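**Q** The structure follows.
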Amino acid sequence: MTALPPLGPPHAWTVHAAVDPAPLLASLRAHAVPGVETVDGSTVCRLVPVGTRLVPVAADLHDGHVVVRGAAPTTVLDDVARRWFGLDDDVDAVADVLAQDAVVGPLARRRPHLRVLGHLDGFEATVTTVLGQQVSLAAARTFGGRLAAAWGRPGPDGLLAFPRPDDLADLDPAEIQSTVRITHARARSLRAVAKAFADGLDLHPGADPVEARRRLLALPGVGPWTVEYLALRVLADRDALPAGDVVLRRALGVDSTAAVEAASAHWRPWRAYAAIHLWTSRAYAL
């Protein structure tokens, strides 16, 4: 086997953008899979693929800029920052639209630089979202940590690489169920997700949103809420809206998905941002 050439020493890359770090860090802490992603103060660390390697990358979030550090080309570090933290979005345009809404407007004026937290790994995001269905964020993190500990791989700096589709696709759902301690139906869903990704499903910004939604909805245990949440977090669809979300219904004071859809008409094309504002106002003590 030919030895891979060294990547060289880590270096830093700074992206200047209007950014409100507190909501991003709160969401990262709430969702980070133990061992896979760490959050310490204003710094989040995880492994990022660079060619055929997994490289530890750390992002420091500040008011007005993000510093990304790692042994990777600056083009990779720049892409990581922009994709992870939604730094290419025009938050002034978002504020102009949302400010007109009676419910979301005050939230948008309070946090004009709030951004949509992305995800760097479409498979990991899908698995952890399925694990988080109808349970608390703490429970979802626990399930994700068990899965990563069982089938992930040790990486540099003590970080775990999240399992790959091929690691889970051929497992007996009963083994997933007993290891992660989830229902058999949820374990079957996870294996179906792994098979779909092993067969070519790839979620990332720029992927065909119609085809991605179609393929996800065809999987057992994956419904509209999961699909829209993944469109928001992974596909970077800024008009995605998990309208069936219970927190959104409560925040809007309505009792149906249809009512959320109706209320969201004034938020287009930034419905994802409206959802993030509502979630932030309800989920995090900021």
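Ordering of the structure tokens sets the chain letters (A, B, ...), residue numbers begin anew at 1 in every chain, and ligands are numbered from 1 in the order given.
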Residues near range 120-128 of chain A, anyone? I mean within 9 Å using only C-alpha atoms, not counting same-chain ones fewer than 2 positions away, as a ChimeraX atom specification.

**A** /A:31,33,48,80,83-84,118,130-133,140-141,143-144,162-165,189-190,193-194,197,201-204,226-227,230,233-235

**Q** Figure out the distance between CA of Asp170 in chain A and CA of Ala187 in chain A, please, to one decimal in Å.

**A** 12.1 Å

**Q** From the set A:Pro242, A:Pro209, A:Gly152, A:Pro269, which residue has the shortest atom-to-atom contact distance to Ala95 in chain A, counting only C-alpha atoms?

**A**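 Among the listed residues, A:Pro269 lies closest to Ala95 in chain A.
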
**Q** With the cut-off set at 12 Å and counting only C-alpha atoms, tabulate each residue of range 228-281 of chain A with an atom at most that distance from an atom of range 9-25 of chain A, showing the nearest atom pair and its distance in Å to one decimal, ordered by chain and increasing number, as CSV.

**A**
```
residue,atom,partner,partner_atom,distance
A:Ile276,CA,A:Pro23,CA,9.3
A:His277,CA,A:Pro23,CA,9.3
A:Leu278,CA,A:Pro23,CA,11.6
A:Trp279,CA,A:Pro23,CA,9.9
A:Thr280,CA,A:Pro23,CA,6.7
A:Ser281,CA,A:Pro23,CA,9.5
```

**Q** Separation of CA of Val50 in chain A and CA of Ala196 in chain A, in Å?

**A**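 Atom-to-atom, CA of Val50 in chain A and CA of Ala196 in chain A are spaced 23.6 Å apart.
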
**Q** Just to confirm, what's the straight-line distance from CA of Gly244 in chain A to CA of Ser256 in chain A in Å (one decimal)?

**A**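 Separation of CA of Gly244 in chain A and CA of Ser256 in chain A: 7.3 Å.
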
**Q** List every residue of range 38-285 of chain A that DSSP, applied to the backbone, labels as helix (DSSP H, G or I), and write the result as a PyMOL selection string.

**A** chain A and resi 74-85+91-98+104-110+122-131+137-151+156-158+165-168+173-180+184-198+209-217+224-233+246-252+257-267+271-283

**Q** Could you pull the residues within 12 Å of Pro34 in chain A, counting only C-alpha atoms, minus those fewer than 3 positions along the same chain, as a ChimeraX atom specification?

**A** /A:28-31,37-39,45-46,128,138-149,152,158-162

**Q** Closest to Asp237 in chain A among A:Ala207, A:Ala262, A:Ile176, A:Ala93, using only C-alpha atoms?

**A**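 Comparing A:Ala207, A:Ala262, A:Ile176, A:Ala93 against Asp237 in chain A, the winner is A:Ala207.
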